[in-house]
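Colleague: What follows is my_file.cif, made up of mmCIF, C-alpha atoms and all ligand atoms:
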data_structure
#
loop_
_atom_site.group_PDB
_atom_site.id
_atom_site.type_symbol
_atom_site.label_atom_id
_atom_site.label_comp_id
_atom_site.auth_asym_id
_atom_site.auth_seq_id
_atom_site.Cartn_x
_atom_site.Cartn_y
_atom_site.Cartn_z
ATOM 1 C CA MET D 77 71.007 51.745 66.516
ATOM 2 C CA LYS D 78 74.164 50.111 67.595
ATOM 3 C CA SER D 79 76.244 53.162 66.681
ATOM 4 C CA LEU D 80 73.830 55.475 68.573
ATOM 5 C CA PHE D 81 74.184 53.395 71.719
ATOM 6 C CA SER D 82 77.944 53.497 71.559
ATOM 7 C CA LEU D 83 77.698 57.314 71.352
ATOM 8 C CA ARG D 84 75.959 57.515 74.752
ATOM 9 C CA VAL D 85 79.051 56.780 76.780
ATOM 10 C CA PRO D 86 81.131 59.737 75.568
ATOM 11 C CA LEU D 87 78.029 61.990 75.821
ATOM 12 C CA TRP D 88 77.564 61.092 79.474
ATOM 13 C CA THR D 89 81.259 61.640 80.097
ATOM 14 C CA LEU D 90 80.992 65.045 78.447
ATOM 15 C CA ALA D 91 77.909 65.975 80.496
ATOM 16 C CA LEU D 92 79.713 64.974 83.674
ATOM 17 C CA TRP D 93 82.748 67.033 82.689
ATOM 18 C CA VAL D 94 80.577 70.092 81.965
ATOM 19 C CA MET D 95 78.824 69.724 85.347
ATOM 20 C CA THR D 96 82.123 69.384 87.216
ATOM 21 C CA SER D 97 83.568 72.375 85.380
ATOM 22 C CA LEU D 98 80.525 74.525 86.205
ATOM 23 C CA LEU D 99 80.754 73.485 89.858
ATOM 24 C CA ASN D 100 84.439 74.432 89.937
ATOM 25 C CA LEU D 101 83.669 77.816 88.391
ATOM 26 C CA THR D 102 80.932 78.626 90.898
ATOM 27 C CA GLN D 103 83.013 77.611 93.935
ATOM 28 C CA ALA D 104 85.055 80.670 94.826
ATOM 29 C CA GLN D 105 88.639 80.089 95.903
ATOM 30 C CA THR D 106 89.104 80.695 99.628
ATOM 31 C CA ILE D 107 91.949 82.994 100.648
ATOM 32 C CA ILE D 108 92.936 83.168 104.308
ATOM 33 C CA ILE D 109 94.522 86.498 105.208
ATOM 34 C CA ASP D 110 96.624 86.505 108.361
ATOM 35 C CA PRO D 111 97.446 89.981 109.726
ATOM 36 C CA GLY D 112 100.725 89.441 111.619
ATOM 37 C CA HIS D 113 100.906 89.688 115.453
ATOM 38 C CA GLY D 114 98.098 91.273 117.558
ATOM 39 C CA GLY D 115 97.062 91.794 121.172
ATOM 40 C CA ARG D 116 100.002 91.408 123.580
ATOM 41 C CA ASP D 117 102.317 90.738 120.623
ATOM 42 C CA PRO D 118 102.860 94.099 118.885
ATOM 43 C CA GLY D 119 105.462 92.785 116.418
ATOM 44 C CA ALA D 120 108.073 95.406 115.457
ATOM 45 C CA VAL D 121 107.717 98.620 117.477
ATOM 46 C CA ARG D 122 109.193 101.916 116.249
ATOM 47 C CA PRO D 123 108.360 105.567 117.067
ATOM 48 C CA GLY D 124 104.652 106.100 116.389
ATOM 49 C CA VAL D 125 103.987 102.642 114.978
ATOM 50 C CA MET D 126 103.356 99.029 115.937
ATOM 51 C CA GLU D 127 103.600 96.340 113.282
ATOM 52 C CA LYS D 128 100.340 94.699 114.414
ATOM 53 C CA GLN D 129 98.419 97.892 113.517
ATOM 54 C CA VAL D 130 99.804 98.427 110.010
ATOM 55 C CA ALA D 131 99.534 94.713 109.255
ATOM 56 C CA LEU D 132 95.833 94.755 110.222
ATOM 57 C CA ALA D 133 95.087 97.966 108.291
ATOM 58 C CA THR D 134 96.735 96.579 105.135
ATOM 59 C CA SER D 135 95.006 93.211 105.588
ATOM 60 C CA ARG D 136 91.625 94.951 105.691
ATOM 61 C CA TYR D 137 92.345 96.606 102.342
ATOM 62 C CA LEU D 138 93.509 93.248 100.989
ATOM 63 C CA ALA D 139 90.362 91.501 102.245
ATOM 64 C CA SER D 140 87.992 93.979 100.601
ATOM 65 C CA GLU D 141 89.961 93.984 97.340
ATOM 66 C CA LEU D 142 89.954 90.169 97.111
ATOM 67 C CA ALA D 143 86.251 90.001 97.998
ATOM 68 C CA ARG D 144 85.580 92.562 95.251
ATOM 69 C CA ARG D 145 87.409 90.253 92.819
ATOM 70 C CA GLY D 146 85.143 87.346 93.754
ATOM 71 C CA PHE D 147 87.318 85.434 96.198
ATOM 72 C CA ARG D 148 85.991 84.030 99.452
ATOM 73 C CA VAL D 149 88.020 85.774 102.144
ATOM 74 C CA VAL D 150 88.682 84.610 105.709
ATOM 75 C CA LEU D 151 90.749 86.637 108.189
ATOM 76 C CA THR D 152 92.614 85.025 111.101
ATOM 77 C CA ARG D 153 91.916 88.179 113.122
ATOM 78 C CA GLN D 154 89.799 91.261 112.447
ATOM 79 C CA THR D 155 90.669 93.135 115.637
ATOM 80 C CA ASP D 156 93.648 93.654 117.949
ATOM 81 C CA VAL D 157 93.658 90.160 119.475
ATOM 82 C CA PHE D 158 96.450 87.710 120.243
ATOM 83 C CA LEU D 159 96.550 84.419 118.344
ATOM 84 C CA THR D 160 99.205 81.725 118.542
ATOM 85 C CA LEU D 161 101.053 80.833 115.346
ATOM 86 C CA ALA D 162 99.447 77.366 115.461
ATOM 87 C CA GLN D 163 95.941 78.893 115.706
ATOM 88 C CA ARG D 164 96.631 80.967 112.591
ATOM 89 C CA ARG D 165 98.171 78.087 110.637
ATOM 90 C CA ASP D 166 95.498 75.553 111.658
ATOM 91 C CA LEU D 167 92.667 77.704 110.291
ATOM 92 C CA SER D 168 93.668 76.287 106.870
ATOM 93 C CA GLN D 169 92.397 72.857 107.984
ATOM 94 C CA ARG D 170 88.837 74.196 107.958
ATOM 95 C CA TYR D 171 89.096 75.333 104.311
ATOM 96 C CA PRO D 172 90.479 72.521 102.141
ATOM 97 C CA GLY D 173 92.344 73.835 99.098
ATOM 98 C CA CYS D 174 92.585 77.358 100.506
ATOM 99 C CA VAL D 175 95.446 79.790 99.919
ATOM 100 C CA PHE D 176 97.101 81.293 103.024
ATOM 101 C CA VAL D 177 98.648 84.782 103.017
ATOM 102 C CA SER D 178 100.339 86.122 106.152
ATOM 103 C CA LEU D 179 100.985 89.871 106.091
ATOM 104 C CA HIS D 180 103.818 91.532 108.022
ATOM 105 C CA TYR D 181 106.058 94.586 108.097
ATOM 106 C CA ASN D 182 109.781 94.227 108.607
ATOM 107 C CA ALA D 183 112.356 95.597 111.055
ATOM 108 C CA ALA D 184 116.133 95.290 111.229
ATOM 109 C CA VAL D 185 118.987 96.537 113.415
ATOM 110 C CA ASN D 186 120.469 98.139 110.308
ATOM 111 C CA ALA D 187 118.359 101.294 109.863
ATOM 112 C CA GLU D 188 119.317 101.405 106.173
ATOM 113 C CA ALA D 189 117.577 98.090 105.394
ATOM 114 C CA ARG D 190 114.572 98.533 103.110
ATOM 115 C CA GLY D 191 112.411 96.795 100.515
ATOM 116 C CA VAL D 192 109.767 94.087 100.232
ATOM 117 C CA GLU D 193 110.199 90.320 100.327
ATOM 118 C CA THR D 194 107.959 87.253 100.116
ATOM 119 C CA TYR D 195 108.543 83.969 101.944
ATOM 120 C CA TYR D 196 107.312 80.459 101.228
ATOM 121 C CA HIS D 197 108.177 77.019 102.602
ATOM 122 C CA GLY D 198 106.703 74.152 100.564
ATOM 123 C CA ALA D 199 107.764 73.864 96.900
ATOM 124 C CA ALA D 200 104.078 74.143 95.863
ATOM 125 C CA SER D 201 104.014 77.709 97.209
ATOM 126 C CA ARG D 202 107.112 78.974 95.395
ATOM 127 C CA ALA D 203 105.351 80.069 92.184
ATOM 128 C CA LEU D 204 102.669 81.981 94.105
ATOM 129 C CA ALA D 205 105.374 83.723 96.161
ATOM 130 C CA ALA D 206 107.132 84.707 92.928
ATOM 131 C CA HIS D 207 103.931 86.131 91.377
ATOM 132 C CA VAL D 208 103.082 88.180 94.472
ATOM 133 C CA GLN D 209 106.659 89.406 94.890
ATOM 134 C CA GLY D 210 106.800 90.317 91.192
ATOM 135 C CA CYS D 211 103.707 92.532 91.562
ATOM 136 C CA LEU D 212 104.986 94.129 94.793
ATOM 137 C CA ALA D 213 108.349 94.866 93.180
ATOM 138 C CA ARG D 214 106.590 96.867 90.441
ATOM 139 C CA LEU D 215 105.279 99.397 92.993
ATOM 140 C CA ARG D 216 106.939 102.785 92.597
ATOM 141 C CA GLY D 217 110.074 103.240 94.700
ATOM 142 C CA VAL D 218 109.973 99.730 96.161
ATOM 143 C CA MET D 219 113.215 97.756 96.477
ATOM 144 C CA ASN D 220 112.896 94.103 95.482
ATOM 145 C CA ARG D 221 114.442 91.833 98.121
ATOM 146 C CA GLY D 222 113.184 88.751 96.317
ATOM 147 C CA VAL D 223 111.508 85.460 97.194
ATOM 148 C CA LYS D 224 112.944 83.437 100.076
ATOM 149 C CA ARG D 225 112.369 79.965 101.482
ATOM 150 C CA ARG D 226 111.986 79.844 105.267
ATOM 151 C CA GLY D 227 110.360 77.409 107.691
ATOM 152 C CA TYR D 228 108.281 80.009 109.551
ATOM 153 C CA ALA D 229 105.746 78.452 111.924
ATOM 154 C CA VAL D 230 102.725 79.756 109.967
ATOM 155 C CA LEU D 231 104.143 78.370 106.699
ATOM 156 C CA ALA D 232 105.644 75.001 107.662
ATOM 157 C CA LYS D 233 102.967 72.330 108.277
ATOM 158 C CA ASN D 234 100.298 74.655 106.887
ATOM 159 C CA THR D 235 97.671 72.489 105.129
ATOM 160 C CA ALA D 236 96.719 75.266 102.667
ATOM 161 C CA SER D 237 97.311 74.425 98.998
ATOM 162 C CA ARG D 238 99.807 77.331 99.018
ATOM 163 C CA ALA D 239 101.068 79.462 101.913
ATOM 164 C CA ILE D 240 103.148 82.639 101.733
ATOM 165 C CA LEU D 241 104.293 85.414 104.080
ATOM 166 C CA VAL D 242 104.688 88.966 102.778
ATOM 167 C CA GLU D 243 107.004 91.514 104.445
ATOM 168 C CA ALA D 244 105.691 94.747 102.946
ATOM 169 C CA GLY D 245 108.348 97.239 104.078
ATOM 170 C CA PHE D 246 110.757 98.170 106.891
ATOM 171 C CA LEU D 247 109.403 100.025 109.921
ATOM 172 C CA SER D 248 113.020 100.393 111.101
ATOM 173 C CA ASN D 249 113.885 102.606 108.115
ATOM 174 C CA VAL D 250 112.776 106.214 108.789
ATOM 175 C CA TRP D 251 111.784 106.869 105.174
ATOM 176 C CA GLU D 252 109.984 103.555 104.636
ATOM 177 C CA ARG D 253 108.212 103.835 107.996
ATOM 178 C CA GLN D 254 106.439 107.006 106.815
ATOM 179 C CA ARG D 255 105.362 105.261 103.647
ATOM 180 C CA CYS D 256 104.146 102.127 105.482
ATOM 181 C CA LEU D 257 101.917 104.356 107.619
ATOM 182 C CA ASP D 258 100.351 105.935 104.522
ATOM 183 C CA PRO D 259 96.952 104.384 103.674
ATOM 184 C CA ASN D 260 97.723 104.946 99.967
ATOM 185 C CA TYR D 261 100.780 102.708 100.238
ATOM 186 C CA GLN D 262 98.816 100.108 102.226
ATOM 187 C CA ARG D 263 96.158 100.105 99.496
ATOM 188 C CA ALA D 264 98.854 99.773 96.816
ATOM 189 C CA VAL D 265 100.299 96.762 98.678
ATOM 190 C CA ALA D 266 96.800 95.231 98.848
ATOM 191 C CA MET D 267 96.336 95.736 95.087
ATOM 192 C CA ALA D 268 99.745 94.230 94.272
ATOM 193 C CA VAL D 269 99.174 91.157 96.462
ATOM 194 C CA SER D 270 95.690 90.719 94.894
ATOM 195 C CA ASP D 271 97.178 91.001 91.384
ATOM 196 C CA GLY D 272 99.818 88.377 92.201
ATOM 197 C CA LEU D 273 97.245 86.005 93.664
ATOM 198 C CA GLU D 274 94.868 86.436 90.751
ATOM 199 C CA GLN D 275 97.614 86.003 88.134
ATOM 200 C CA HIS D 276 98.895 82.857 89.799
ATOM 201 C CA LEU D 277 95.519 81.259 90.495
ATOM 202 C CA ARG D 278 94.200 81.912 86.977
ATOM 203 C CA GLY D 279 97.414 80.559 85.487
ATOM 204 C CA SER D 280 97.298 77.339 87.490
ATOM 205 C CA MET D 281 93.601 76.868 86.641
ATOM 206 C CA ARG D 282 94.517 76.952 82.933
ATOM 207 C CA ALA D 283 97.404 74.567 83.493
ATOM 208 C CA SER D 284 95.147 72.029 85.229
ATOM 209 C CA THR D 285 92.671 71.917 82.293
ATOM 210 C CA PRO D 286 93.072 68.583 80.459
ATOM 211 C CA LEU D 287 94.873 68.909 77.126
ATOM 212 C CA TRP D 288 91.905 67.575 75.110
ATOM 213 C CA ALA D 289 89.633 70.223 76.667
ATOM 214 C CA GLN D 290 92.113 72.952 75.758
ATOM 215 C CA ARG D 291 92.131 71.813 72.119
ATOM 216 C CA THR D 292 88.358 71.348 71.686
ATOM 217 C CA ALA D 293 87.065 74.390 73.591
ATOM 218 C CA PRO D 294 87.469 77.427 71.326
ATOM 219 C CA SER D 295 88.134 80.780 72.976
ATOM 220 C CA PRO D 296 85.279 83.364 72.856
ATOM 221 C CA ALA D 297 87.243 85.302 70.227
ATOM 222 C CA VAL D 298 87.392 82.259 67.934
ATOM 223 C CA LEU D 299 83.632 81.635 68.382
ATOM 224 C CA ALA D 300 82.835 85.235 67.421
ATOM 225 C CA THR D 301 84.840 84.987 64.195
ATOM 226 C CA PHE D 302 83.100 81.742 63.300
ATOM 227 C CA ARG D 303 79.604 83.201 63.863
ATOM 228 C CA GLY D 304 80.532 86.192 61.729
ATOM 229 C CA ARG D 305 81.430 83.983 58.782
ATOM 230 C CA ILE D 306 78.192 81.961 58.620
ATOM 231 C CA ARG D 307 75.965 85.057 58.671
HETATM 232 ZN ZN ZN C 401 105.984 90.368 111.825
#
Once you've parsed the file, please lay out its structure as structure tokens.
Modeller:
Amino acid sequence: MKSLFSLRVPLWTLALWVMTSLLNLTQAQTIIIDPGHGGRDPGAVRPGVMEKQVALATSRYLASELARRGFRVVLTRQTDVFLTLAQRRDLSQRYPGCVFVSLHYNAAVNAEARGVETYYHGAASRALAAHVQGCLARLRGVMNRGVKRRGYAVLAKNTASRAILVEAGFLSNVWERQRCLDPNYQRAVAMAVSDGLEQHLRGSMRASTPLWAQRTAPSPAVLATFRGRIR
């Protein structure tokens, strides 16, 4: 009897761990998507295009792709409205633990400038920026400008668990401008950003699993082999 009683403590601990794990699995990760500019702020303006429009169109593709993958998606703006940088950034306060992704298109005085780049500010966001940039850089014909640290107003002081800003192409480059306007390219950008987010978030979920749980919980493949042997 004494040994049975002493067994109850670890059983309760295990039950509690299972319940917490199930709760974590059912709570979808919130991703805030921030389409750059809007309203009286058009962002970069070049012949036939305003940055605020392409940023919103791409963000809509990104939102539906992430929702399809089971994420909870929140947009800072869904229409052509003006928001201050603080209003965008402070939306993170309403969703503790959220991930913040600001989406922009680039412009430069040098018309030759091209490629995609991803910005972060806090060290905790660096790995996510690298995953997203890695996926964007794999898109056909895209030049990789790398991951950069910058104290942009939407990134610095953002309370999201991770916050990044994607510059998905140069509107100031004649060739890239045509591509940025193409819905197929916008969809490809949305897929790449989703892949990067998913890769990073799944990876960090594995990393946060306690070591003892990793050792004792067999993978589905291992369970299948075991069942096969006893039959
Ligand atoms: Zn911008």
Colleague: Counting all atoms listed in the file, which protein, DNA or RNA residues come within 12 Å of ligand ZN 401 (chain C), given as a PyMOL selection string?
Modeller: chain D and resi 110-114+117-121+126-132+161+178-184+228-230+241-247
Colleague: Mind writing the picked residues with C-alpha atoms as a PDB file, in the frame of the given file?
Modeller:
ATOM      1  CA  ASP D 110      96.624  86.505 108.361  1.00  0.00           C
ATOM      2  CA  PRO D 111      97.446  89.981 109.726  1.00  0.00           C
ATOM      3  CA  GLY D 112     100.725  89.441 111.619  1.00  0.00           C
ATOM      4  CA  HIS D 113     100.906  89.688 115.453  1.00  0.00           C
ATOM      5  CA  GLY D 114      98.098  91.273 117.558  1.00  0.00           C
ATOM      6  CA  ASP D 117     102.317  90.738 120.623  1.00  0.00           C
ATOM      7  CA  PRO D 118     102.860  94.099 118.885  1.00  0.00           C
ATOM      8  CA  GLY D 119     105.462  92.785 116.418  1.00  0.00           C
ATOM      9  CA  ALA D 120     108.073  95.406 115.457  1.00  0.00           C
ATOM     10  CA  VAL D 121     107.717  98.620 117.477  1.00  0.00           C
ATOM     11  CA  MET D 126     103.356  99.029 115.937  1.00  0.00           C
ATOM     12  CA  GLU D 127     103.600  96.340 113.282  1.00  0.00           C
ATOM     13  CA  LYS D 128     100.340  94.699 114.414  1.00  0.00           C
ATOM     14  CA  GLN D 129      98.419  97.892 113.517  1.00  0.00           C
ATOM     15  CA  VAL D 130      99.804  98.427 110.010  1.00  0.00           C
ATOM     16  CA  ALA D 131      99.534  94.713 109.255  1.00  0.00           C
ATOM     17  CA  LEU D 132      95.833  94.755 110.222  1.00  0.00           C
ATOM     18  CA  LEU D 161     101.053  80.833 115.346  1.00  0.00           C
ATOM     19  CA  SER D 178     100.339  86.122 106.152  1.00  0.00           C
ATOM     20  CA  LEU D 179     100.985  89.871 106.091  1.00  0.00           C
ATOM     21  CA  HIS D 180     103.818  91.532 108.022  1.00  0.00           C
ATOM     22  CA  TYR D 181     106.058  94.586 108.097  1.00  0.00           C
ATOM     23  CA  ASN D 182     109.781  94.227 108.607  1.00  0.00           C
ATOM     24  CA  ALA D 183     112.356  95.597 111.055  1.00  0.00           C
ATOM     25  CA  ALA D 184     116.133  95.290 111.229  1.00  0.00           C
ATOM     26  CA  TYR D 228     108.281  80.009 109.551  1.00  0.00           C
ATOM     27  CA  ALA D 229     105.746  78.452 111.924  1.00  0.00           C
ATOM     28  CA  VAL D 230     102.725  79.756 109.967  1.00  0.00           C
ATOM     29  CA  LEU D 241     104.293  85.414 104.080  1.00  0.00           C
ATOM     30  CA  VAL D 242     104.688  88.966 102.778  1.00  0.00           C
ATOM     31  CA  GLU D 243     107.004  91.514 104.445  1.00  0.00           C
ATOM     32  CA  ALA D 244     105.691  94.747 102.946  1.00  0.00           C
ATOM     33  CA  GLY D 245     108.348  97.239 104.078  1.00  0.00           C
ATOM     34  CA  PHE D 246     110.757  98.170 106.891  1.00  0.00           C
ATOM     35  CA  LEU D 247     109.403 100.025 109.921  1.00  0.00           C
TER      36      LEU D 247
END
Colleague: Which residues, written as a PyMOL selection string, have at least one atom at most 12 Å from D:Trp251, with only C-alpha atoms counted and residues fewer than 4 positions away on the same chain left out?
Modeller: chain D and resi 187-191+217-218+245-247+255-258
Colleague: Smallest atom-to-atom distance to D:Ala239: which of D:Ala205, D:Leu138, D:Ala143, D:Leu167, using all atoms listed in the file?
Modeller: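 When distances to D:Ala239 are compared using all atoms listed in the file, the smallest one comes from D:Ala205.
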Colleague: For atom CA of D:Gly279 and atom CA of D:Gly198, quote the distance in Å rounded to one decimal.
Modeller: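 Calculated distance between atom CA of D:Gly279 and atom CA of D:Gly198 is 18.8 Å.
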Colleague: Name the closest residue to D:Gly227 among the candidates D:Ala104, D:Ala213, D:Ala199, D:Ala91; distances are taken between atoms, counting all atoms listed in the file.
Modeller: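 Between D:Ala104, D:Ala213, D:Ala199, D:Ala91, the residue approaching D:Gly227 most closely is D:Ala199.
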Colleague: Quick one: apply the PyMOL selection byres (((chain D and resi 225) around 8) and not hetatm) to the file and drop the selected residues here as a list in words.
Modeller: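 So the PyMOL selection byres (((chain D and resi 225) around 8) and not hetatm) ends up selecting Tyr195, Tyr196, His197, Val223, Lys224, Arg226 and Gly227 of chain D.
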Colleague: Report the centre and edge lengths, in Å to one decimal, of an axis-aligned box enclosing every atom of stretch 115-120 of chain D listed in the file, padded by 8 Å on each side, as AutoDock Vina command-line options.
Modeller:
--center_x 102.6 --center_y 93.1 --center_z 119.5 --size_x 27.0 --size_y 20.7 --size_z 24.1
Colleague: Ranking D:Val185, D:Val208, D:Leu277, D:Val269 by minimum distance to D:Leu142 and counting all atoms listed in the file, which one comes first?
Modeller: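 The closest residue to D:Leu142 is D:Val269.
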Colleague: Could you state which residues are captured by the PyMOL selection byres (((chain D and resi 152) around 7) and not hetatm) in this file, as a list in words?
Modeller: Ile109, Asp110, Val150, Leu151, Arg153, Gln154 and Arg164 of chain D
Colleague: Mind pulling up the distance from atom CA of D:Gln262 to atom CA of D:Arg148?
Modeller: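 If I compute the distance from atom CA of D:Arg148 to atom CA of D:Gln262, I get 20.8 Å.
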Colleague: Of the candidates D:Gly210, D:Asp156, D:Ala200, D:Thr106, which one gets nearest to D:Ala133 if we count only C-alpha atoms?
Modeller: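 Result for the nearest residue to D:Ala133: D:Asp156.
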Colleague: State, in Å with one decimal place, the distance from atom CA of D:Ala206 to atom CA of D:Arg170.
Modeller: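 Computing it gives 25.9 Å between the two atoms.
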Colleague: Find, counting all atoms listed in the file, the residue in D:His276, D:Arg165, D:Arg216, D:Arg238 that gets nearest to D:Tyr261.
Modeller: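 Nearest to D:Tyr261: D:Arg216.
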Colleague: Which residue gives the smallest distance to D:Ser270 among D:Ser201, D:Asn249, D:Ser140, D:Thr235, with only C-alpha atoms counted?
Modeller: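 With only C-alpha atoms as the atom set, the closest residue is D:Ser140.
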Colleague: Run the PyMOL selection byres (((chain D and resi 220) around 8) and not hetatm) on the file and write out the hits as a list in words.
Modeller: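 Residues picked by the PyMOL selection byres (((chain D and resi 220) around 8) and not hetatm): Gly191, Val192, Glu193, Gln209, Leu212, Ala213, Val218, Met219, Arg221 and Gly222 of chain D.
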